[in-house]
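For reference, final39.tsv is printed below; it contains TSV, C-alpha atoms.
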chain	number	residue	atom	x	y	z
A	436	MET	CA	-12.75	6.87	27.29
A	437	PRO	CA	-10.37	8.96	29.38
A	438	LYS	CA	-7.14	9.94	27.72
A	439	LYS	CA	-3.96	8.50	29.20
A	440	GLN	CA	-1.29	10.94	30.37
A	441	GLY	CA	1.31	11.66	27.66
A	442	THR	CA	-0.69	10.15	24.79
A	443	LYS	CA	-1.76	11.93	21.61
A	444	GLU	CA	-5.13	11.75	19.95
A	445	LYS	CA	-5.80	12.16	16.22
A	446	LYS	CA	-9.23	12.21	14.64
A	447	VAL	CA	-9.34	10.56	11.20
A	448	TYR	CA	-12.28	10.47	8.81
A	449	TYR	CA	-12.93	7.63	6.35
A	450	SER	CA	-15.33	7.34	3.47
A	451	PRO	CA	-17.82	4.45	3.75
A	452	SER	CA	-15.82	2.37	1.27
A	453	GLU	CA	-12.55	3.05	3.12
A	454	TRP	CA	-14.13	2.09	6.42
A	455	GLU	CA	-15.53	-1.08	4.89
A	456	ARG	CA	-12.02	-2.08	3.74
A	457	ILE	CA	-10.59	-1.40	7.20
A	458	CYS	CA	-13.30	-3.49	8.83
A	459	LYS	CA	-12.70	-6.31	6.33
A	460	PHE	CA	-8.94	-6.37	6.97
A	461	ALA	CA	-9.40	-6.16	10.72
A	462	ALA	CA	-11.89	-9.04	10.64
A	463	MET	CA	-9.50	-11.14	8.55
A	464	LEU	CA	-6.92	-10.70	11.31
A	465	ASN	CA	-9.48	-11.15	14.07
A	466	MET	CA	-8.70	-7.66	15.42
A	467	ARG	CA	-10.79	-4.72	16.52
A	468	THR	CA	-10.76	-1.90	13.99
A	469	GLY	CA	-8.99	0.52	16.34
A	470	THR	CA	-6.29	-2.03	17.09
A	471	TYR	CA	-5.87	-2.76	13.38
A	472	ILE	CA	-5.54	0.95	12.54
A	473	LYS	CA	-2.96	1.46	15.27
A	474	GLU	CA	-0.93	-1.62	14.28
A	475	ILE	CA	-0.98	-0.86	10.58
A	476	SER	CA	-0.04	2.79	11.12
A	477	LEU	CA	2.91	1.87	13.35
A	478	ASN	CA	4.19	-1.22	11.56
A	479	ALA	CA	3.32	-0.85	7.89
A	480	LEU	CA	5.86	0.38	5.38
A	481	ILE	CA	4.97	2.91	2.73
A	482	LYS	CA	7.32	2.90	-0.25
A	483	LYS	CA	7.73	6.10	-2.21
A	484	TYR	CA	9.18	5.66	-5.69
A	485	ASP	CA	10.97	8.38	-7.62
A	486	LEU	CA	9.36	8.16	-11.05
A	487	SER	CA	11.05	11.20	-12.55
A	488	SER	CA	13.11	8.97	-14.85
A	489	ALA	CA	9.97	7.41	-16.37
A	490	ASP	CA	9.87	10.02	-19.15
A	491	LYS	CA	12.00	7.96	-21.54
A	492	LEU	CA	9.86	4.91	-20.88
A	493	SER	CA	6.69	6.87	-21.50
A	494	TYR	CA	8.17	8.22	-24.75
A	495	SER	CA	8.93	4.68	-25.97
A	496	ILE	CA	5.41	3.48	-25.22
A	497	ASN	CA	3.83	6.52	-26.90
A	498	ARG	CA	6.02	6.04	-29.98
A	499	TYR	CA	4.93	2.41	-30.22
A	500	GLY	CA	1.28	3.45	-29.90
A	501	ASN	CA	1.67	6.00	-32.70
A	502	ASN	CA	3.26	3.42	-34.99
A	503	LEU	CA	0.55	0.90	-34.19
A	504	ASN	CA	-2.18	3.45	-34.96
A	505	GLN	CA	-0.60	4.30	-38.32
A	506	ILE	CA	-0.35	0.64	-39.29
A	507	ALA	CA	-3.94	0.00	-38.15
A	508	ARG	CA	-5.17	2.88	-40.34
A	509	ILE	CA	-3.33	1.46	-43.35
A	510	ALA	CA	-4.60	-2.06	-42.63
A	511	ASN	CA	-8.19	-0.81	-42.34
A	512	ALA	CA	-7.88	1.17	-45.56
A	513	THR	CA	-6.14	-1.49	-47.68
A	514	GLY	CA	-7.18	-4.71	-45.96
A	515	SER	CA	-3.56	-5.85	-45.58
A	516	VAL	CA	-0.42	-5.21	-43.54
A	517	LEU	CA	3.11	-5.27	-44.92
A	518	LYS	CA	5.80	-7.46	-43.41
A	519	PRO	CA	8.19	-4.51	-42.75
A	520	ASP	CA	5.45	-2.83	-40.70
A	521	ILE	CA	5.05	-5.94	-38.53
A	522	GLU	CA	8.83	-6.22	-38.11
A	523	SER	CA	8.98	-2.56	-37.11
A	524	LEU	CA	6.33	-3.13	-34.43
A	525	GLN	CA	8.16	-6.20	-33.15
A	526	ALA	CA	11.38	-4.19	-32.89
A	527	ASP	CA	9.52	-1.44	-31.00
A	528	VAL	CA	8.04	-3.98	-28.56
A	529	ALA	CA	11.49	-5.50	-27.96
A	530	LYS	CA	12.93	-2.03	-27.28
A	531	ILE	CA	10.11	-1.21	-24.87
A	532	GLU	CA	10.70	-4.50	-23.03
A	533	ARG	CA	14.41	-3.68	-22.67
A	534	ASP	CA	13.61	-0.14	-21.52
A	535	VAL	CA	11.10	-1.39	-18.94
A	536	GLU	CA	13.54	-3.99	-17.58
A	537	ARG	CA	16.32	-1.40	-17.38
A	538	TYR	CA	14.00	1.12	-15.70
A	539	LEU	CA	12.65	-1.34	-13.14
A	540	ALA	CA	16.13	-2.62	-12.30
A	541	GLN	CA	17.24	0.90	-11.37
A	542	LEU	CA	14.09	1.79	-9.48
A	543	GLU	CA	14.70	2.48	-5.82
A	544	TYR	CA	12.28	3.43	-3.14
A	545	GLU	CA	12.46	5.53	-0.05
A	546	LYS	CA	11.06	4.01	3.12
A	547	LEU	CA	8.77	6.42	4.91

Show how you would write the structure in this file as structure tokens.
Amino acid sequence: MPKKQGTKEKKVYYSPSEWERICKFAAMLNMRTGTYIKEISLNALIKKYDLSSADKLSYSINRYGNNLNQIARIANATGSVLKPDIESLQADVAKIERDVERYLAQLEYEKL
């Protein structure tokens, strides 16, 4: 196909699975694949999230996992779990839930 004056051409390569997804989405919209690719590249919105503040959240989750592993070892060794251990885990889960809610509420994205 001859190139129109003032237009740009870009060659893009897709893996077979990527191409299959593009064909599927284009078919769902009753569009040609080229038209779908052009429309999605011009009109879609990519959101980029700054996840640098996720360290505290990750720390909370890792701490909970460590506590859970320690209690599981004790339970496997003794065949029982103590009530304070369960209460400690419940408190950790509640803290993680609060941290996640606080983190997600502050999360902003940059439109690209």

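For the set A:Thr470, A:Ser523, A:Asn465, A:Gln541, the residue with the smallest atom-to-atom gap to Arg498 of chain A is A:Ser523, counting only C-alpha atoms.
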
* In Å, how far is it from atom CA of Ala461 of chain A to atom CA of Leu480 of chain A? -> 17.4 Å

* May I ask for the distance between atom CA of Asn478 of chain A and atom CA of Leu539 of chain A, given in Å to one decimal place? => 26.1 Å

* Within 12 Å of segment 501-505 of chain A, counting only C-alpha atoms, which residues show up once you throw out same-chain ones fewer than 2 positions away? Write them as a ChimeraX atom specification, please. => /A:494-499,507-512,516,520-528

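Checking A:Ile472, A:Leu517, A:Leu542, A:Leu486 one by one against Phe460 of chain A, counting only C-alpha atoms, you find the shortest gap at A:Ile472.
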
Listed atoms of segment 523-539 of chain A boxed axis-aligned with 3 Å per side, centre + edges as AutoDock Vina command-line options:
--center_x 11.3 --center_y -2.5 --center_z -25.1 --size_x 16.0 --size_y 13.3 --size_z 30.0

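Going from atom CA of Cys458 of chain A to atom CA of Glu474 of chain A covers 13.6 Å.
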